[in-house]
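**Q** Quick one: the structure is below, and I'll ask about it shortly.
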Amino acid sequence: MNILIVDDEMDVEILFRQKFRKEIKKGEISLSFAFSGQEALDFLEQENPPQVVYVFSDINMPGMTGLELLKKIKERFPQINVSMISAYGDTENYEKAIDSGAKEFFTKPIDFEFLKSEIANLVHKQKSNKP
Amino acid sequence: MLSVNIISIILLFTLKRPLSTKQVSEEWKRLFNYGIIAAIALMVIEWVPMPSLISFIASIAGYLLISAIVFVTLQFPALEHKKGVVYAWLPIIVISIISEIFVALAPEFYNKWDSYFETAEAFAFIWAIAMWIINAKQKKNLEKERIKALEKEKELEITEQLKNQFEQQVKARTAELTAQKNELEKIVQELKSTQSQLIHAEKMASLGELTAGIAHEIQNPLNFVNNFSELSNELLVEMKEEIEAGNYELALEIVDDITQNLQKIAHHGNRADSIVKGMLQHSRINSGEKELTDLNNLADEFLRLSYHGLRAKDKSFNSDFKLNLDPNLPKVKVVAQDFGRLILNLVNNAFFAVNEKKSKLDPNSEEGKNYQPTVEVTTSLENNKIKITVSDNGSGIPKAIKEKIFQPFFTTKPTGSGTGLGLSLSYDIVKAHGGDFKVDSVEGEQTTFTIILPLDKLEKSDKAEE
């Protein structure tokens with residue numbers, strides 16, 4: 001299962017790769033990273049239909065914001081799940097995200113336990129869907 | 001023959017009268033009055049038939065009186081101005097006396113030479129008249145002069161009065177001006193303190209705008225510190241398990257990860273640290289200390305602070321930003337907090353400009369869809385000069401106000417949004433470092449602020465301080 005993580009902070013990659021080392025090792029998930037909204041869109045458009053099933057995006061990024069990215073992904077690839085991660089846990093962003101079709105809304109610092117369980121659920125669903 | 005007493009009376013009257021401005025004293029006047037009374041008495045005695053002895057004595061007294069008058073007039077300086085009158089009458093007086101003596105002592109001789117005496121008397125009389133005319137003329141002239149003198153005196157008096165009046169006016173005016181000067185000095189003092197307060201307020205205002213950005217910028221590295229340390233703990237547990245299981249290779253892999261994590265923790269810790277330091281530096285009142293500064297770091301830091309600060313204030317705000325930093329830029333001695341403010345001001349303005357342009361465009365138009373707000377900060381080193389540019393593709397600066405943007409208190413922002421001091425202070429900061437500050441703008445399209453810092457100027461100003 002391909003997951004794309006979008007954040008302008010590069011170190012997020014190391015963080016996620018280590019956090020999900022076991023899952024990656026087991027081959028349950030594979031992680032891709034993009035450091036801006038545009039990069040994420042370019043990445044998704046490389047393959048048609050994209051392999052990615054889940055996108056986690058930061059909201060607060062220069063250039064295209066996470067919310068704009070969310071809208072664009074939902075327009076072009078409605079089948080992809082998108083969850084937002086924001087440093088600001090304000091209701092305005094939350095409502096905008098949910099209205100635009102975000103699956104979940106995470107607040108920084110990320111609760112990795114919750115995130116892991118969310119991904120585990122997905123993996124489980126996919127497994128049960130496969131046969 | 002003219003009676004000497006009549007002459008006495010005439011002389012005494014004349015003596016009593018003032019000649020132009022000259023007056024005789026009261027004492028003299030009294031004396032002259034006595035003389036007049038005496039002369040009248042003698043005259044009466046002369047005319048009234050008397051025993052010959054009395055009339056003789058009276059006649060002698062008459063001569064003595066006139067002699068006394070002549071003597072006194074010629075002798076006393078107080079009567080100097082009346083000498084002319086006496087000279088006029090003197091010949092008649094002398095001739096009268098001589099005739100009288102001859103009449104009394106040698107009547108025959110007198111009778112024989114009678115016509116000569118009379119001729120002399122006539123000449124003396126003419127002389128007297130001539131003198132009188134001259135004196136009268138002189139008197140007239142003197143009178144004229146006296147009037148002139150009086151007029152002059154009056155004029156002088158008026159002038160004096162005017163002078164006094166004028167002096168008083170000058171005094172009053174001087175006092176007024178002094179008061180005004182003091183007042184102005186006080187105002188200048190007040191303005192000076194207001195100015196420093198304003199500068200501080202501006203600093204604090206930009207700091208206030210920063211707060212949210214700072215919070216975000218500190219929160220981010222702190223999140224990493226927390227995440228990576230938590231992760232490292234998990235990894236250590238895992239490593240222990242691997243070692244116990246004898247999987248040394250895997251354990252070594254984990255060691256590498258932990259090492260990397262610890263480096264990340266240190267990196268993000270430092271990042272937070274430098275932001276807090278920058279903030280403290282920015283809020284410090286007394287600046288002026290130059291220190292070796294990495295302008296690239298400063299530009300990076302304040303660009304992010306500005307961006308996140310604006311984002312936190314206005315959720316709808318967004319803009320791309322690019323940093324194009326020359327890695328070969330040398331560290332230079334500058335007042336770091338001033339340069340932080342400088343970059344912050346320029347970047348804040350740039351973000352404001354792109355936001356303004358975006359808000360004016362119709363989001364459904366082609367132009368509105370394609371517009372990508374971008375702010376770019378570049379640094380470079382050319383010909384021993386450091387060049388910093390802050391450019392944006394925002395609303396630009398209208399030509400009409402281009403001249404004014406560096407003036408204190410000039411602002412295009414709505415009241416309360418800007419102090420109007422940002423660019424003015426920025427200008428001062430660049431100039432204080434011997435640099436050049438340029439602006440280049442196309443209205444509606446873009447604006448670029450360029451700061452040029454000659455390295456030698458920086459060193460020079462450095463040496464000058466030591």
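Identifiers for the structure tokens are assigned positionally: chains receive A, B, ... in sequence, residues are indexed from 1 per chain, and ligands are indexed from 1 in the order shown.
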Which residues of range 241-327 of chain B come within 7 Å of range 62-74 of chain A, and for each one, what is the closest pair of atoms and their distance in Å to one decimal, counting only C-alpha atoms, sorted by chain and residue number, as a Markdown table?

**A**
```
| residue | atom | partner | partner_atom | distance |
| --- | --- | --- | --- | --- |
| B:Asn318 | CA | A:Gly63 | CA | 6.6 |
| B:Ser319 | CA | A:Gly63 | CA | 5.0 |
| B:Asp320 | CA | A:Gly63 | CA | 3.6 |
| B:Phe321 | CA | A:Pro62 | CA | 6.2 |
```

**Q** Export N, CA and C atoms of the chosen residues as a PDB file, in the first residue's frame?

**A**
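Below is the file that was written, result36.pdb:
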```
ATOM      1  N   ASN B 318      -1.617  33.163   1.619  1.00  0.00           N
ATOM      2  CA  ASN B 318      -0.575  32.203   1.275  1.00  0.00           C
ATOM      3  C   ASN B 318       0.261  32.729   0.131  1.00  0.00           C
ATOM      4  N   SER B 319       1.515  32.348   0.178  1.00  0.00           N
ATOM      5  CA  SER B 319       2.408  32.771  -0.888  1.00  0.00           C
ATOM      6  C   SER B 319       3.551  31.786  -0.939  1.00  0.00           C
ATOM      7  N   ASP B 320       4.087  31.632  -2.116  1.00  0.00           N
ATOM      8  CA  ASP B 320       5.282  30.814  -2.226  1.00  0.00           C
ATOM      9  C   ASP B 320       6.451  31.689  -1.808  1.00  0.00           C
ATOM     10  N   PHE B 321       7.459  31.069  -1.239  1.00  0.00           N
ATOM     11  CA  PHE B 321       8.681  31.861  -1.044  1.00  0.00           C
ATOM     12  C   PHE B 321       9.900  31.033  -1.411  1.00  0.00           C
TER      13      PHE B 321
END
```

**Q** Give one line per residue of chain A that approaches chain B to at most 9 Å, naming the two atoms of the closest pair and their distance in Å to one decimal, counting only C-alpha atoms; sort by chain then ascending residue number and deliver it as a Markdown table.

**A**
```
| residue | atom | partner | partner_atom | distance |
| --- | --- | --- | --- | --- |
| A:Glu9 | CA | B:Asn220 | CA | 8.7 |
| A:Asp11 | CA | B:Phe224 | CA | 8.0 |
| A:Val12 | CA | B:Phe224 | CA | 8.2 |
| A:Ile14 | CA | B:Asn261 | CA | 8.5 |
| A:Leu15 | CA | B:Phe228 | CA | 6.9 |
| A:Gln18 | CA | B:Leu231 | CA | 7.4 |
| A:Lys19 | CA | B:Leu231 | CA | 6.9 |
| A:Asn60 | CA | B:Arg311 | CA | 8.1 |
| A:Met61 | CA | B:Asp320 | CA | 8.3 |
| A:Pro62 | CA | B:Asp320 | CA | 4.6 |
| A:Gly63 | CA | B:Asp320 | CA | 3.6 |
| A:Met64 | CA | B:Asp320 | CA | 7.3 |
| A:Thr65 | CA | B:Asn318 | CA | 7.3 |
| A:Ala87 | CA | B:His216 | CA | 7.4 |
| A:Tyr88 | CA | B:Ala312 | CA | 8.5 |
| A:Glu92 | CA | B:Lys315 | CA | 8.7 |
| A:Asn93 | CA | B:Lys315 | CA | 8.2 |
| A:Lys108 | CA | B:Asn223 | CA | 7.4 |
| A:Pro109 | CA | B:Asn223 | CA | 5.6 |
| A:Ile110 | CA | B:Asn223 | CA | 8.4 |
```

**Q** What is the distance between CA of Lys22 in chain A and CA of Ala266 in chain B, in Å to one decimal?

**A**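 If I compute the distance from CA of Lys22 in chain A to CA of Ala266 in chain B, I get 25.4 Å.
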
**Q** Taking 4 positions as the minimum chain separation for residues in the same chain, which residues sit within 12 Å of Leu31 in chain B when counting only C-alpha atoms? Answer as number ranges by chain.

**A** B: 12-13, 15-16, 24-27, 35-38, 68-69, 72

**Q** Can you pull out every residue from chain A that DSSP, working from the backbone, puts in alpha helix (DSSP H), and format the result as a tab-separated table (two decimals) with N, CA and C atoms, in the first residue's frame?

**A**
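See part-v4.tsv below for the written result:
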```
chain	number	residue	atom	x	y	z
A	12	VAL	N	10.76	15.20	8.09
A	12	VAL	CA	9.58	14.38	8.26
A	12	VAL	C	9.80	12.99	7.64
A	13	GLU	N	10.58	12.98	6.57
A	13	GLU	CA	10.83	11.70	5.89
A	13	GLU	C	11.52	10.70	6.84
A	14	ILE	N	12.61	11.16	7.47
A	14	ILE	CA	13.34	10.28	8.40
A	14	ILE	C	12.42	9.81	9.52
A	15	LEU	N	11.66	10.77	10.01
A	15	LEU	CA	10.75	10.50	11.11
A	15	LEU	C	9.75	9.38	10.74
A	16	PHE	N	9.11	9.54	9.62
A	16	PHE	CA	8.09	8.56	9.20
A	16	PHE	C	8.72	7.21	8.88
A	17	ARG	N	9.88	7.29	8.20
A	17	ARG	CA	10.51	6.02	7.81
A	17	ARG	C	10.89	5.21	9.05
A	18	GLN	N	11.33	5.89	10.09
A	18	GLN	CA	11.69	5.17	11.31
A	18	GLN	C	10.45	4.71	12.07
A	19	LYS	N	9.47	5.58	12.10
A	19	LYS	CA	8.24	5.24	12.82
A	19	LYS	C	7.57	4.00	12.23
A	21	ARG	N	9.13	1.72	10.36
A	21	ARG	CA	10.17	0.81	9.87
A	21	ARG	C	9.67	-0.63	9.78
A	22	LYS	N	8.93	-1.02	10.85
A	22	LYS	CA	8.47	-2.41	10.88
A	22	LYS	C	7.49	-2.70	9.74
A	23	GLU	N	6.56	-1.79	9.58
A	23	GLU	CA	5.55	-1.96	8.55
A	23	GLU	C	6.19	-1.96	7.15
A	24	ILE	N	7.20	-1.10	7.02
A	24	ILE	CA	7.88	-1.02	5.73
A	24	ILE	C	8.63	-2.33	5.46
A	25	LYS	N	9.32	-2.76	6.53
A	25	LYS	CA	10.09	-4.01	6.41
A	25	LYS	C	9.19	-5.17	6.02
A	26	LYS	N	8.06	-5.22	6.69
A	26	LYS	CA	7.12	-6.32	6.41
A	26	LYS	C	6.52	-6.19	5.01
A	37	GLY	N	3.13	21.10	-2.32
A	37	GLY	CA	1.87	20.67	-2.92
A	37	GLY	C	2.04	20.30	-4.39
A	38	GLN	N	2.81	21.17	-5.07
A	38	GLN	CA	2.99	20.95	-6.50
A	38	GLN	C	3.73	19.63	-6.75
A	39	GLU	N	4.77	19.40	-5.92
A	39	GLU	CA	5.55	18.18	-6.05
A	39	GLU	C	4.65	16.97	-5.85
A	40	ALA	N	3.75	17.05	-4.90
A	40	ALA	CA	2.83	15.96	-4.61
A	40	ALA	C	1.93	15.68	-5.82
A	41	LEU	N	1.39	16.76	-6.41
A	41	LEU	CA	0.52	16.58	-7.58
A	41	LEU	C	1.29	15.95	-8.74
A	42	ASP	N	2.51	16.46	-8.96
A	42	ASP	CA	3.34	15.92	-10.04
A	42	ASP	C	3.57	14.42	-9.82
A	43	PHE	N	3.86	14.10	-8.55
A	43	PHE	CA	4.13	12.70	-8.21
A	43	PHE	C	2.91	11.83	-8.51
A	44	LEU	N	1.73	12.32	-8.11
A	44	LEU	CA	0.52	11.53	-8.28
A	44	LEU	C	0.19	11.35	-9.76
A	45	GLU	N	0.53	12.37	-10.55
A	45	GLU	CA	0.17	12.31	-11.96
A	45	GLU	C	1.12	11.46	-12.80
A	46	GLN	N	2.21	11.03	-12.16
A	46	GLN	CA	3.18	10.19	-12.89
A	46	GLN	C	2.53	8.90	-13.37
A	66	GLY	N	-1.86	22.88	2.01
A	66	GLY	CA	-2.41	21.54	2.12
A	66	GLY	C	-3.88	21.50	1.72
A	67	LEU	N	-4.60	22.57	2.07
A	67	LEU	CA	-6.04	22.59	1.76
A	67	LEU	C	-6.28	22.68	0.26
A	68	GLU	N	-5.44	23.47	-0.41
A	68	GLU	CA	-5.55	23.57	-1.87
A	68	GLU	C	-5.22	22.23	-2.52
A	69	LEU	N	-4.17	21.60	-1.99
A	69	LEU	CA	-3.77	20.29	-2.50
A	69	LEU	C	-4.92	19.29	-2.32
A	70	LEU	N	-5.51	19.34	-1.16
A	70	LEU	CA	-6.63	18.44	-0.84
A	70	LEU	C	-7.73	18.57	-1.90
A	71	LYS	N	-8.08	19.83	-2.20
A	71	LYS	CA	-9.14	20.06	-3.19
A	71	LYS	C	-8.77	19.48	-4.55
A	72	LYS	N	-7.50	19.74	-4.93
A	72	LYS	CA	-7.07	19.29	-6.25
A	72	LYS	C	-7.03	17.77	-6.33
A	73	ILE	N	-6.54	17.13	-5.27
A	73	ILE	CA	-6.48	15.66	-5.28
A	73	ILE	C	-7.91	15.10	-5.38
A	74	LYS	N	-8.79	15.71	-4.60
A	74	LYS	CA	-10.17	15.19	-4.58
A	74	LYS	C	-10.86	15.38	-5.93
A	75	GLU	N	-10.45	16.49	-6.62
A	75	GLU	CA	-10.99	16.72	-7.96
A	75	GLU	C	-10.52	15.65	-8.95
A	76	ARG	N	-9.21	15.41	-8.90
A	76	ARG	CA	-8.62	14.54	-9.93
A	76	ARG	C	-8.65	13.06	-9.54
A	91	THR	N	-10.66	25.39	14.53
A	91	THR	CA	-11.88	24.83	13.92
A	91	THR	C	-12.02	25.26	12.47
A	92	GLU	N	-11.52	26.45	12.15
A	92	GLU	CA	-11.66	26.96	10.78
A	92	GLU	C	-11.00	26.01	9.78
A	93	ASN	N	-9.71	25.70	10.09
A	93	ASN	CA	-8.99	24.77	9.22
A	93	ASN	C	-9.64	23.40	9.23
A	94	TYR	N	-10.07	22.98	10.40
A	94	TYR	CA	-10.67	21.65	10.55
A	94	TYR	C	-11.90	21.54	9.66
A	95	GLU	N	-12.77	22.55	9.78
A	95	GLU	CA	-14.02	22.50	8.99
A	95	GLU	C	-13.74	22.55	7.50
A	96	LYS	N	-12.81	23.41	7.12
A	96	LYS	CA	-12.46	23.52	5.70
A	96	LYS	C	-11.98	22.17	5.18
A	97	ALA	N	-11.11	21.53	5.99
A	97	ALA	CA	-10.52	20.26	5.57
A	97	ALA	C	-11.61	19.19	5.42
A	98	ILE	N	-12.44	19.09	6.44
A	98	ILE	CA	-13.48	18.04	6.42
A	98	ILE	C	-14.47	18.31	5.26
A	99	ASP	N	-14.83	19.61	5.10
A	99	ASP	CA	-15.74	19.98	4.01
A	99	ASP	C	-15.18	19.60	2.65
A	112	PHE	N	1.33	9.56	16.85
A	112	PHE	CA	1.70	8.45	15.96
A	112	PHE	C	0.91	7.19	16.24
A	113	GLU	N	0.49	7.03	17.51
A	113	GLU	CA	-0.30	5.84	17.85
A	113	GLU	C	-1.58	5.83	17.02
A	114	PHE	N	-2.23	7.02	17.01
A	114	PHE	CA	-3.47	7.16	16.26
A	114	PHE	C	-3.23	6.97	14.76
A	115	LEU	N	-2.13	7.56	14.32
A	115	LEU	CA	-1.77	7.47	12.91
A	115	LEU	C	-1.50	6.02	12.51
A	116	LYS	N	-0.76	5.35	13.39
A	116	LYS	CA	-0.45	3.94	13.12
A	116	LYS	C	-1.73	3.12	13.03
A	117	SER	N	-2.63	3.37	13.96
A	117	SER	CA	-3.86	2.58	13.97
A	117	SER	C	-4.68	2.88	12.72
A	118	GLU	N	-4.65	4.15	12.30
A	118	GLU	CA	-5.35	4.54	11.08
A	118	GLU	C	-4.80	3.78	9.88
A	119	ILE	N	-3.45	3.72	9.82
A	119	ILE	CA	-2.81	3.02	8.70
A	119	ILE	C	-3.05	1.51	8.81
A	120	ALA	N	-2.99	1.02	10.05
A	120	ALA	CA	-3.23	-0.41	10.26
A	120	ALA	C	-4.63	-0.80	9.78
A	121	ASN	N	-5.58	0.05	10.08
A	121	ASN	CA	-6.96	-0.18	9.62
A	121	ASN	C	-7.03	-0.29	8.11
A	122	LEU	N	-6.33	0.65	7.47
A	122	LEU	CA	-6.33	0.69	6.02
A	122	LEU	C	-5.74	-0.59	5.45
A	123	VAL	N	-4.57	-0.93	6.04
A	123	VAL	CA	-3.88	-2.14	5.58
A	123	VAL	C	-4.82	-3.34	5.74
A	124	HIS	N	-5.48	-3.38	6.89
A	124	HIS	CA	-6.39	-4.48	7.20
A	124	HIS	C	-7.53	-4.54	6.17
A	125	LYS	N	-8.07	-3.33	5.89
A	125	LYS	CA	-9.18	-3.24	4.93
A	125	LYS	C	-8.75	-3.75	3.57
A	126	GLN	N	-7.55	-3.28	3.18
A	126	GLN	CA	-7.05	-3.62	1.85
A	126	GLN	C	-6.85	-5.14	1.73
A	127	LYS	N	-6.27	-5.66	2.86
A	127	LYS	CA	-6.03	-7.10	2.87
A	127	LYS	C	-7.35	-7.85	2.70
A	128	SER	N	-8.36	-7.41	3.47
A	128	SER	CA	-9.64	-8.12	3.45
A	128	SER	C	-10.35	-7.90	2.11
A	129	ASN	N	-10.01	-6.77	1.44
A	129	ASN	CA	-10.66	-6.50	0.14
A	129	ASN	C	-10.05	-7.34	-0.99
```

**Q** Kindly give the distance, in Å, that separates CA of Asn328 in chain B and CA of Thr389 in chain B, rounded to a single decimal.

**A**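 Taking CA of Asn328 in chain B and CA of Thr389 in chain B, their separation equals 16.1 Å.
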
**Q** If I take CA of Ser365 in chain B and CA of Gly394 in chain B, how far is one from the other in Å, to one decimal?

**A** 17.1 Å

**Q** List the neighbours of Asn384 in chain B out to 9 Å using only C-alpha atoms; skip same-chain residues closer than 3 positions along the sequence, and give me the result as a list in words.

**A**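 Contacts, with the query itself left out: Leu381, Leu453, Pro454, Leu455 and Asp456 of chain B.
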
**Q** Between B:Thr379, B:Lys163, B:Phe339, B:Asp362, single out the one closest to Lys431 in chain B, counting only C-alpha atoms.

**A**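 That would be B:Phe339, the residue with the smallest distance to Lys431 in chain B.
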
**Q** I need the residues of range 20-118 of chain A that end up classed as strand (DSSP E) by DSSP on the backbone, written out as a ChimeraX atom specification.

**A** /A:30-34,52-58,81-86,105-107
